[in-house]
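Q: For reference, the file query00.cif (mmCIF, C-alpha atoms; chains and numbers go by the auth columns) is included below:
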```
data_target
#
loop_
_atom_site.group_PDB
_atom_site.id
_atom_site.type_symbol
_atom_site.label_atom_id
_atom_site.label_comp_id
_atom_site.label_asym_id
_atom_site.label_seq_id
_atom_site.Cartn_x
_atom_site.Cartn_y
_atom_site.Cartn_z
_atom_site.B_iso_or_equiv
_atom_site.auth_seq_id
_atom_site.auth_asym_id
ATOM 1 C CA MET A 1 -3.440 -0.287 -6.392 0.00 758 A
ATOM 2 C CA ASP A 2 -1.256 -2.950 -7.957 0.00 759 A
ATOM 3 C CA THR A 3 -0.930 -6.710 -7.880 0.00 760 A
ATOM 4 C CA ALA A 4 0.545 -6.670 -4.355 0.00 761 A
ATOM 5 C CA LEU A 5 -3.019 -6.235 -3.110 0.00 762 A
ATOM 6 C CA GLU A 6 -5.164 -9.332 -2.909 0.00 763 A
ATOM 7 C CA TYR A 7 -8.824 -9.367 -1.983 0.00 764 A
ATOM 8 C CA PRO A 8 -10.565 -12.593 -2.972 0.00 765 A
ATOM 9 C CA ASP A 9 -14.217 -13.159 -2.252 0.00 766 A
ATOM 10 C CA ARG A 10 -14.804 -13.070 1.479 0.00 767 A
ATOM 11 C CA VAL A 11 -17.007 -16.181 1.402 0.00 768 A
ATOM 12 C CA SER A 12 -14.223 -18.284 -0.104 0.00 769 A
ATOM 13 C CA GLY A 13 -12.467 -18.838 3.224 0.00 770 A
ATOM 14 C CA ILE A 14 -9.225 -17.453 1.843 0.00 771 A
ATOM 15 C CA VAL A 15 -7.280 -15.332 4.312 0.00 772 A
ATOM 16 C CA HIS A 16 -6.881 -11.773 3.067 0.00 773 A
ATOM 17 C CA VAL A 17 -3.293 -10.568 2.974 0.00 774 A
ATOM 18 C CA CYS A 18 -1.557 -7.436 1.848 0.00 775 A
ATOM 19 C CA GLY A 19 1.955 -6.639 0.749 0.00 776 A
ATOM 20 C CA GLY A 20 2.163 -2.903 0.422 0.00 777 A
ATOM 21 C CA ILE A 21 0.779 -0.648 -2.269 0.00 778 A
ATOM 22 C CA SER A 22 3.750 -0.448 -4.625 0.00 779 A
ATOM 23 C CA GLY A 23 5.646 -3.639 -3.737 0.00 780 A
ATOM 24 C CA THR A 24 8.684 -1.456 -3.233 0.00 781 A
ATOM 25 C CA ASP A 25 12.211 -2.319 -2.117 0.00 782 A
ATOM 26 C CA TRP A 26 11.867 -1.758 1.630 0.00 783 A
ATOM 27 C CA GLU A 27 15.608 -1.475 2.273 0.00 784 A
ATOM 28 C CA SER A 28 15.883 1.802 0.377 0.00 785 A
ATOM 29 C CA THR A 29 12.531 3.184 1.556 0.00 786 A
ATOM 30 C CA PRO A 30 12.437 5.686 4.432 0.00 787 A
ATOM 31 C CA VAL A 31 10.700 4.241 7.515 0.00 788 A
ATOM 32 C CA GLU A 32 7.805 6.719 7.360 0.00 789 A
ATOM 33 C CA GLU A 33 7.137 5.876 3.703 0.00 790 A
ATOM 34 C CA ALA A 34 7.283 2.127 4.369 0.00 791 A
ATOM 35 C CA GLU A 35 4.830 2.539 7.223 0.00 792 A
ATOM 36 C CA THR A 36 2.482 4.584 5.024 0.00 793 A
ATOM 37 C CA GLU A 37 2.643 1.875 2.314 0.00 794 A
ATOM 38 C CA ILE A 38 2.032 -1.024 4.702 0.00 795 A
ATOM 39 C CA VAL A 39 -0.763 0.621 6.667 0.00 796 A
ATOM 40 C CA GLY A 40 -2.271 2.051 3.457 0.00 797 A
ATOM 41 C CA SER A 41 -2.453 -1.357 1.809 0.00 798 A
ATOM 42 C CA ARG A 42 -4.008 -2.850 4.951 0.00 799 A
ATOM 43 C CA ASP A 43 -6.637 -0.122 5.069 0.00 800 A
ATOM 44 C CA ALA A 44 -7.406 -0.328 1.326 0.00 801 A
ATOM 45 C CA ILE A 45 -8.024 -4.068 1.500 0.00 802 A
ATOM 46 C CA ALA A 46 -10.025 -3.779 4.728 0.00 803 A
ATOM 47 C CA ALA A 47 -12.273 -1.203 3.048 0.00 804 A
ATOM 48 C CA LYS A 48 -12.666 -3.368 -0.054 0.00 805 A
ATOM 49 C CA ILE A 49 -13.650 -6.500 1.885 0.00 806 A
ATOM 50 C CA SER A 50 -15.453 -4.689 4.713 0.00 807 A
ATOM 51 C CA GLY A 51 -13.400 -6.543 7.278 0.00 808 A
ATOM 52 C CA PRO A 52 -10.024 -6.845 8.954 0.00 809 A
ATOM 53 C CA VAL A 53 -6.783 -7.876 7.288 0.00 810 A
ATOM 54 C CA ALA A 54 -4.827 -10.026 9.721 0.00 811 A
ATOM 55 C CA HIS A 55 -1.810 -11.182 7.719 0.00 812 A
ATOM 56 C CA PHE A 56 0.938 -9.557 5.659 0.00 813 A
ATOM 57 C CA SER A 57 2.924 -10.903 2.719 0.00 814 A
ATOM 58 C CA TYR A 58 6.301 -9.289 2.057 0.00 815 A
ATOM 59 C CA PRO A 59 6.605 -8.262 -1.592 0.00 816 A
ATOM 60 C CA ASN A 60 9.463 -10.026 -3.364 0.00 817 A
ATOM 61 C CA GLY A 61 10.170 -11.657 -0.024 0.00 818 A
ATOM 62 C CA ARG A 62 13.165 -13.666 -1.155 0.00 819 A
ATOM 63 C CA GLY A 63 15.590 -10.829 -0.580 0.00 820 A
ATOM 64 C CA ALA A 64 16.731 -9.651 2.819 0.00 821 A
ATOM 65 C CA SER A 65 15.946 -6.109 1.624 0.00 822 A
ATOM 66 C CA HIS A 66 12.260 -6.867 2.041 0.00 823 A
ATOM 67 C CA LEU A 67 12.601 -8.580 5.384 0.00 824 A
ATOM 68 C CA ASN A 68 14.550 -6.850 8.088 0.00 825 A
ATOM 69 C CA ASP A 69 13.898 -5.963 11.723 0.00 826 A
ATOM 70 C CA THR A 70 12.716 -2.449 10.871 0.00 827 A
ATOM 71 C CA VAL A 71 10.082 -3.639 8.397 0.00 828 A
ATOM 72 C CA LYS A 72 9.022 -6.502 10.685 0.00 829 A
ATOM 73 C CA GLY A 73 8.491 -3.918 13.437 0.00 830 A
ATOM 74 C CA ILE A 74 6.289 -1.800 11.171 0.00 831 A
ATOM 75 C CA VAL A 75 4.229 -4.865 10.216 0.00 832 A
ATOM 76 C CA ARG A 76 3.863 -5.887 13.868 0.00 833 A
ATOM 77 C CA ARG A 77 2.860 -2.362 14.982 0.00 834 A
ATOM 78 C CA ALA A 78 0.329 -2.198 12.115 0.00 835 A
ATOM 79 C CA GLY A 79 -1.555 -4.972 13.911 0.00 836 A
ATOM 80 C CA PHE A 80 -0.864 -7.932 11.626 0.00 837 A
ATOM 81 C CA ARG A 81 -0.938 -11.302 13.383 0.00 838 A
ATOM 82 C CA SER A 82 1.678 -12.780 11.049 0.00 839 A
ATOM 83 C CA ALA A 83 3.698 -12.127 7.910 0.00 840 A
ATOM 84 C CA VAL A 84 5.019 -14.515 5.270 0.00 841 A
ATOM 85 C CA THR A 85 8.045 -14.321 3.027 0.00 842 A
ATOM 86 C CA SER A 86 8.546 -16.229 -0.197 0.00 843 A
ATOM 87 C CA GLN A 87 11.523 -17.968 1.396 0.00 844 A
ATOM 88 C CA ALA A 88 11.021 -21.705 1.035 0.00 845 A
ATOM 89 C CA GLY A 89 10.453 -23.796 4.107 0.00 846 A
ATOM 90 C CA CYS A 90 7.981 -25.053 6.642 0.00 847 A
ATOM 91 C CA ILE A 91 6.911 -23.264 9.775 0.00 848 A
ATOM 92 C CA GLN A 92 8.533 -24.679 12.894 0.00 849 A
ATOM 93 C CA ILE A 93 7.467 -24.334 16.515 0.00 850 A
ATOM 94 C CA GLY A 94 8.858 -21.072 17.847 0.00 851 A
ATOM 95 C CA ALA A 95 9.157 -19.456 14.400 0.00 852 A
ATOM 96 C CA ASP A 96 8.989 -15.669 14.283 0.00 853 A
ATOM 97 C CA PRO A 97 5.357 -14.937 13.281 0.00 854 A
ATOM 98 C CA TRP A 98 6.495 -11.903 11.237 0.00 855 A
ATOM 99 C CA SER A 99 8.970 -13.812 9.047 0.00 856 A
ATOM 100 C CA LEU A 100 7.263 -17.111 8.257 0.00 857 A
ATOM 101 C CA ARG A 101 8.559 -19.298 5.462 0.00 858 A
ATOM 102 C CA ARG A 102 6.195 -21.095 3.097 0.00 859 A
ATOM 103 C CA VAL A 103 6.022 -23.718 0.398 0.00 860 A
ATOM 104 C CA GLY A 104 5.260 -22.238 -3.008 0.00 861 A
ATOM 105 C CA VAL A 105 2.714 -23.731 -5.370 0.00 862 A
ATOM 106 C CA TYR A 106 4.182 -24.302 -8.826 0.00 863 A
ATOM 107 C CA ASN A 107 3.221 -25.882 -12.141 0.00 864 A
ATOM 108 C CA ARG A 108 4.978 -29.084 -11.074 0.00 865 A
ATOM 109 C CA HIS A 109 2.279 -29.547 -8.427 0.00 866 A
ATOM 110 C CA ARG A 110 -0.195 -31.281 -10.693 0.00 867 A
ATOM 111 C CA ASP A 111 -2.117 -32.735 -7.777 0.00 868 A
ATOM 112 C CA MET A 112 -2.274 -32.684 -3.994 0.00 869 A
ATOM 113 C CA ARG A 113 0.125 -35.630 -3.678 0.00 870 A
ATOM 114 C CA SER A 114 2.988 -33.794 -5.398 0.00 871 A
ATOM 115 C CA PHE A 115 2.373 -30.675 -3.310 0.00 872 A
ATOM 116 C CA SER A 116 2.175 -32.752 -0.101 0.00 873 A
ATOM 117 C CA LEU A 117 5.479 -34.390 -0.994 0.00 874 A
ATOM 118 C CA ASP A 118 7.166 -30.982 -1.287 0.00 875 A
ATOM 119 C CA VAL A 119 5.704 -29.931 2.066 0.00 876 A
ATOM 120 C CA GLU A 120 7.007 -33.094 3.700 0.00 877 A
ATOM 121 C CA ARG A 121 10.448 -32.680 2.100 0.00 878 A
ATOM 122 C CA GLY A 122 10.598 -29.132 3.470 0.00 879 A
ATOM 123 C CA ARG A 123 9.544 -30.284 6.915 0.00 880 A
ATOM 124 C CA LEU A 124 12.190 -33.003 7.007 0.00 881 A
ATOM 125 C CA ALA A 125 14.903 -30.689 5.695 0.00 882 A
ATOM 126 C CA SER A 126 14.247 -28.148 8.446 0.00 883 A
ATOM 127 C CA ALA A 127 13.963 -30.715 11.261 0.00 884 A
#
```
Please, can you express the file's structure as structure tokens?
A:
Amino acid sequence: MDTALEYPDRVSGIVHVCGGISGTDWESTPVEEAETEIVGSRDAIAAKISGPVAHFSYPNGRGASHLNDTVKGIVRRAGFRSAVTSQAGCIQIGADPWSLRRVGVYNRHRDMRSFSLDVERGRLASA
């Protein structure tokens, strides 16, 4: 398994997500292989944490090659309740649950105020 798999301590309250076993370029991956990767990563994390994995994180999600209708369909059929990209932005009412944007956490976020400001800027920009 590589760094695309995350399984923090279950007691922490952190939601467990997966992003595929190899973090591959989904655009050039055959559908069957992509499905094996996505379902395999879900199952590996579920076994490690002894519980379900409800959310998916697209590897290298900034590129359209990692987020297309085919891959979103695989993620949806694998039983994930949502999936996030690394595309910047805030979630709006009616957003596609399998292509959610998010606000990244960076070194410039020295405290909660600076992070909150970026969240608010993103919300206003997408309104």
Q: Pick out the residues sitting within 9 Å of region 860-871 of chain A, and hand them over as number ranges by chain; count all atoms listed in the file, and ignore anything fewer than 4 positions along from it in its own chain.
A: A: 843-847, 875-876, 879
Q: Evaluate the PyMOL selection byres ((chain A and resi 790-793) around 9) here and jot the selected residues down as a PyMOL selection string.
A: chain A and resi 777+781+783+786-789+794-798+828+831-832+835
Q: Tell me, in Å to one decimal, how far CA of Trp855 (chain A) is from CA of Asp800 (chain A).
A: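 Taking CA of Trp855 (chain A) and CA of Asp800 (chain A), their separation equals 18.7 Å.
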Q: Tell me which of A:His823, A:Lys829, A:Arg880, A:Lys805 sits closest to Arg859 (chain A), counting all atoms listed in the file.
A: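 Smallest separation from Arg859 (chain A) among the options: A:Arg880.
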Q: Any idea what the distance is between CA of Arg838 (chain A) and CA of Ser883 (chain A)?
A: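 Rounded to one decimal, the two atoms are 23.2 Å apart.
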Q: What box, with edges along x, y and z, holds each listed atom of region 825-842 of chain A when 6 Å is added on every side, and can you state its centre and edge lengths in Å to one decimal, as AutoDock Vina command-line options?
A:
```
--center_x 6.5 --center_y -8.2 --center_z 9.0 --size_x 28.1 --size_y 24.7 --size_z 24.0
```
Q: Which value, in Å to one decimal, gives the distance between CA of Arg858 (chain A) and CA of Thr842 (chain A)?
A: 5.6 Å
Q: Could you add N, CA and C atoms to region 808-838 of chain A and give me the result as a PDB file, in the coordinates of the input?
A:
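What landed in result-v3.pdb:
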```
ATOM      1  N   GLY A 808     -13.833  -5.729   6.153  1.00  0.00           N
ATOM      2  CA  GLY A 808     -13.400  -6.543   7.278  1.00  0.00           C
ATOM      3  C   GLY A 808     -11.925  -6.369   7.534  1.00  0.00           C
ATOM      4  N   PRO A 809     -11.438  -7.005   8.581  1.00  0.00           N
ATOM      5  CA  PRO A 809     -10.024  -6.845   8.954  1.00  0.00           C
ATOM      6  C   PRO A 809      -9.080  -7.632   8.045  1.00  0.00           C
ATOM      7  N   VAL A 810      -7.860  -7.184   8.004  1.00  0.00           N
ATOM      8  CA  VAL A 810      -6.783  -7.876   7.288  1.00  0.00           C
ATOM      9  C   VAL A 810      -5.763  -8.266   8.345  1.00  0.00           C
ATOM     10  N   ALA A 811      -5.623  -9.558   8.592  1.00  0.00           N
ATOM     11  CA  ALA A 811      -4.827 -10.026   9.721  1.00  0.00           C
ATOM     12  C   ALA A 811      -3.400 -10.416   9.364  1.00  0.00           C
ATOM     13  N   HIS A 812      -3.112 -10.633   8.095  1.00  0.00           N
ATOM     14  CA  HIS A 812      -1.810 -11.182   7.719  1.00  0.00           C
ATOM     15  C   HIS A 812      -1.163 -10.347   6.616  1.00  0.00           C
ATOM     16  N   PHE A 813       0.164 -10.350   6.615  1.00  0.00           N
ATOM     17  CA  PHE A 813       0.938  -9.557   5.659  1.00  0.00           C
ATOM     18  C   PHE A 813       1.820 -10.486   4.846  1.00  0.00           C
ATOM     19  N   SER A 814       2.026 -10.152   3.582  1.00  0.00           N
ATOM     20  CA  SER A 814       2.924 -10.903   2.719  1.00  0.00           C
ATOM     21  C   SER A 814       3.966  -9.941   2.177  1.00  0.00           C
ATOM     22  N   TYR A 815       5.241 -10.172   2.523  1.00  0.00           N
ATOM     23  CA  TYR A 815       6.301  -9.289   2.057  1.00  0.00           C
ATOM     24  C   TYR A 815       6.409  -9.367   0.550  1.00  0.00           C
ATOM     25  N   PRO A 816       6.438  -8.225  -0.142  1.00  0.00           N
ATOM     26  CA  PRO A 816       6.605  -8.262  -1.592  1.00  0.00           C
ATOM     27  C   PRO A 816       8.022  -8.710  -1.932  1.00  0.00           C
ATOM     28  N   ASN A 817       8.140  -9.544  -2.947  1.00  0.00           N
ATOM     29  CA  ASN A 817       9.463 -10.026  -3.364  1.00  0.00           C
ATOM     30  C   ASN A 817      10.257 -10.515  -2.158  1.00  0.00           C
ATOM     31  N   GLY A 818       9.615 -11.292  -1.312  1.00  0.00           N
ATOM     32  CA  GLY A 818      10.170 -11.657  -0.024  1.00  0.00           C
ATOM     33  C   GLY A 818      11.425 -12.485  -0.007  1.00  0.00           C
ATOM     34  N   ARG A 819      11.962 -12.834  -1.148  1.00  0.00           N
ATOM     35  CA  ARG A 819      13.165 -13.666  -1.155  1.00  0.00           C
ATOM     36  C   ARG A 819      14.408 -12.906  -0.733  1.00  0.00           C
ATOM     37  N   GLY A 820      14.402 -11.612  -0.901  1.00  0.00           N
ATOM     38  CA  GLY A 820      15.590 -10.829  -0.580  1.00  0.00           C
ATOM     39  C   GLY A 820      15.530 -10.266   0.819  1.00  0.00           C
ATOM     40  N   ALA A 821      16.660 -10.208   1.471  1.00  0.00           N
ATOM     41  CA  ALA A 821      16.731  -9.651   2.819  1.00  0.00           C
ATOM     42  C   ALA A 821      16.283  -8.191   2.835  1.00  0.00           C
ATOM     43  N   SER A 822      16.342  -7.512   1.673  1.00  0.00           N
ATOM     44  CA  SER A 822      15.946  -6.109   1.624  1.00  0.00           C
ATOM     45  C   SER A 822      14.462  -5.920   1.899  1.00  0.00           C
ATOM     46  N   HIS A 823      13.687  -6.962   1.789  1.00  0.00           N
ATOM     47  CA  HIS A 823      12.260  -6.867   2.041  1.00  0.00           C
ATOM     48  C   HIS A 823      11.895  -7.437   3.404  1.00  0.00           C
ATOM     49  N   LEU A 824      12.864  -7.935   4.101  1.00  0.00           N
ATOM     50  CA  LEU A 824      12.601  -8.580   5.384  1.00  0.00           C
ATOM     51  C   LEU A 824      13.741  -8.262   6.336  1.00  0.00           C
ATOM     52  N   ASN A 825      13.567  -7.197   7.079  1.00  0.00           N
ATOM     53  CA  ASN A 825      14.550  -6.850   8.088  1.00  0.00           C
ATOM     54  C   ASN A 825      13.804  -6.457   9.360  1.00  0.00           C
ATOM     55  N   ASP A 826      14.536  -6.246  10.428  1.00  0.00           N
ATOM     56  CA  ASP A 826      13.898  -5.963  11.723  1.00  0.00           C
ATOM     57  C   ASP A 826      13.051  -4.692  11.697  1.00  0.00           C
ATOM     58  N   THR A 827      13.486  -3.691  10.951  1.00  0.00           N
ATOM     59  CA  THR A 827      12.716  -2.449  10.871  1.00  0.00           C
ATOM     60  C   THR A 827      11.357  -2.695  10.236  1.00  0.00           C
ATOM     61  N   VAL A 828      11.344  -3.375   9.099  1.00  0.00           N
ATOM     62  CA  VAL A 828      10.082  -3.639   8.397  1.00  0.00           C
ATOM     63  C   VAL A 828       9.210  -4.589   9.216  1.00  0.00           C
ATOM     64  N   LYS A 829       9.810  -5.598   9.832  1.00  0.00           N
ATOM     65  CA  LYS A 829       9.022  -6.502  10.685  1.00  0.00           C
ATOM     66  C   LYS A 829       8.362  -5.721  11.820  1.00  0.00           C
ATOM     67  N   GLY A 830       9.069  -4.744  12.375  1.00  0.00           N
ATOM     68  CA  GLY A 830       8.491  -3.918  13.437  1.00  0.00           C
ATOM     69  C   GLY A 830       7.307  -3.103  12.952  1.00  0.00           C
ATOM     70  N   ILE A 831       7.410  -2.547  11.747  1.00  0.00           N
ATOM     71  CA  ILE A 831       6.289  -1.800  11.171  1.00  0.00           C
ATOM     72  C   ILE A 831       5.088  -2.709  10.985  1.00  0.00           C
ATOM     73  N   VAL A 832       5.319  -3.901  10.453  1.00  0.00           N
ATOM     74  CA  VAL A 832       4.229  -4.865  10.216  1.00  0.00           C
ATOM     75  C   VAL A 832       3.579  -5.256  11.545  1.00  0.00           C
ATOM     76  N   ARG A 833       4.382  -5.515  12.544  1.00  0.00           N
ATOM     77  CA  ARG A 833       3.863  -5.887  13.868  1.00  0.00           C
ATOM     78  C   ARG A 833       3.044  -4.745  14.471  1.00  0.00           C
ATOM     79  N   ARG A 834       3.573  -3.523  14.423  1.00  0.00           N
ATOM     80  CA  ARG A 834       2.860  -2.362  14.982  1.00  0.00           C
ATOM     81  C   ARG A 834       1.584  -2.041  14.205  1.00  0.00           C
ATOM     82  N   ALA A 835       1.532  -2.435  12.928  1.00  0.00           N
ATOM     83  CA  ALA A 835       0.329  -2.198  12.115  1.00  0.00           C
ATOM     84  C   ALA A 835      -0.797  -3.154  12.499  1.00  0.00           C
ATOM     85  N   GLY A 836      -0.509  -4.095  13.394  1.00  0.00           N
ATOM     86  CA  GLY A 836      -1.555  -4.972  13.911  1.00  0.00           C
ATOM     87  C   GLY A 836      -1.710  -6.292  13.194  1.00  0.00           C
ATOM     88  N   PHE A 837      -0.786  -6.634  12.306  1.00  0.00           N
ATOM     89  CA  PHE A 837      -0.864  -7.932  11.626  1.00  0.00           C
ATOM     90  C   PHE A 837      -0.508  -9.047  12.607  1.00  0.00           C
ATOM     91  N   ARG A 838      -1.209 -10.163  12.506  1.00  0.00           N
ATOM     92  CA  ARG A 838      -0.938 -11.302  13.383  1.00  0.00           C
ATOM     93  C   ARG A 838       0.248 -12.130  12.902  1.00  0.00           C
TER      94      ARG A 838
END
```
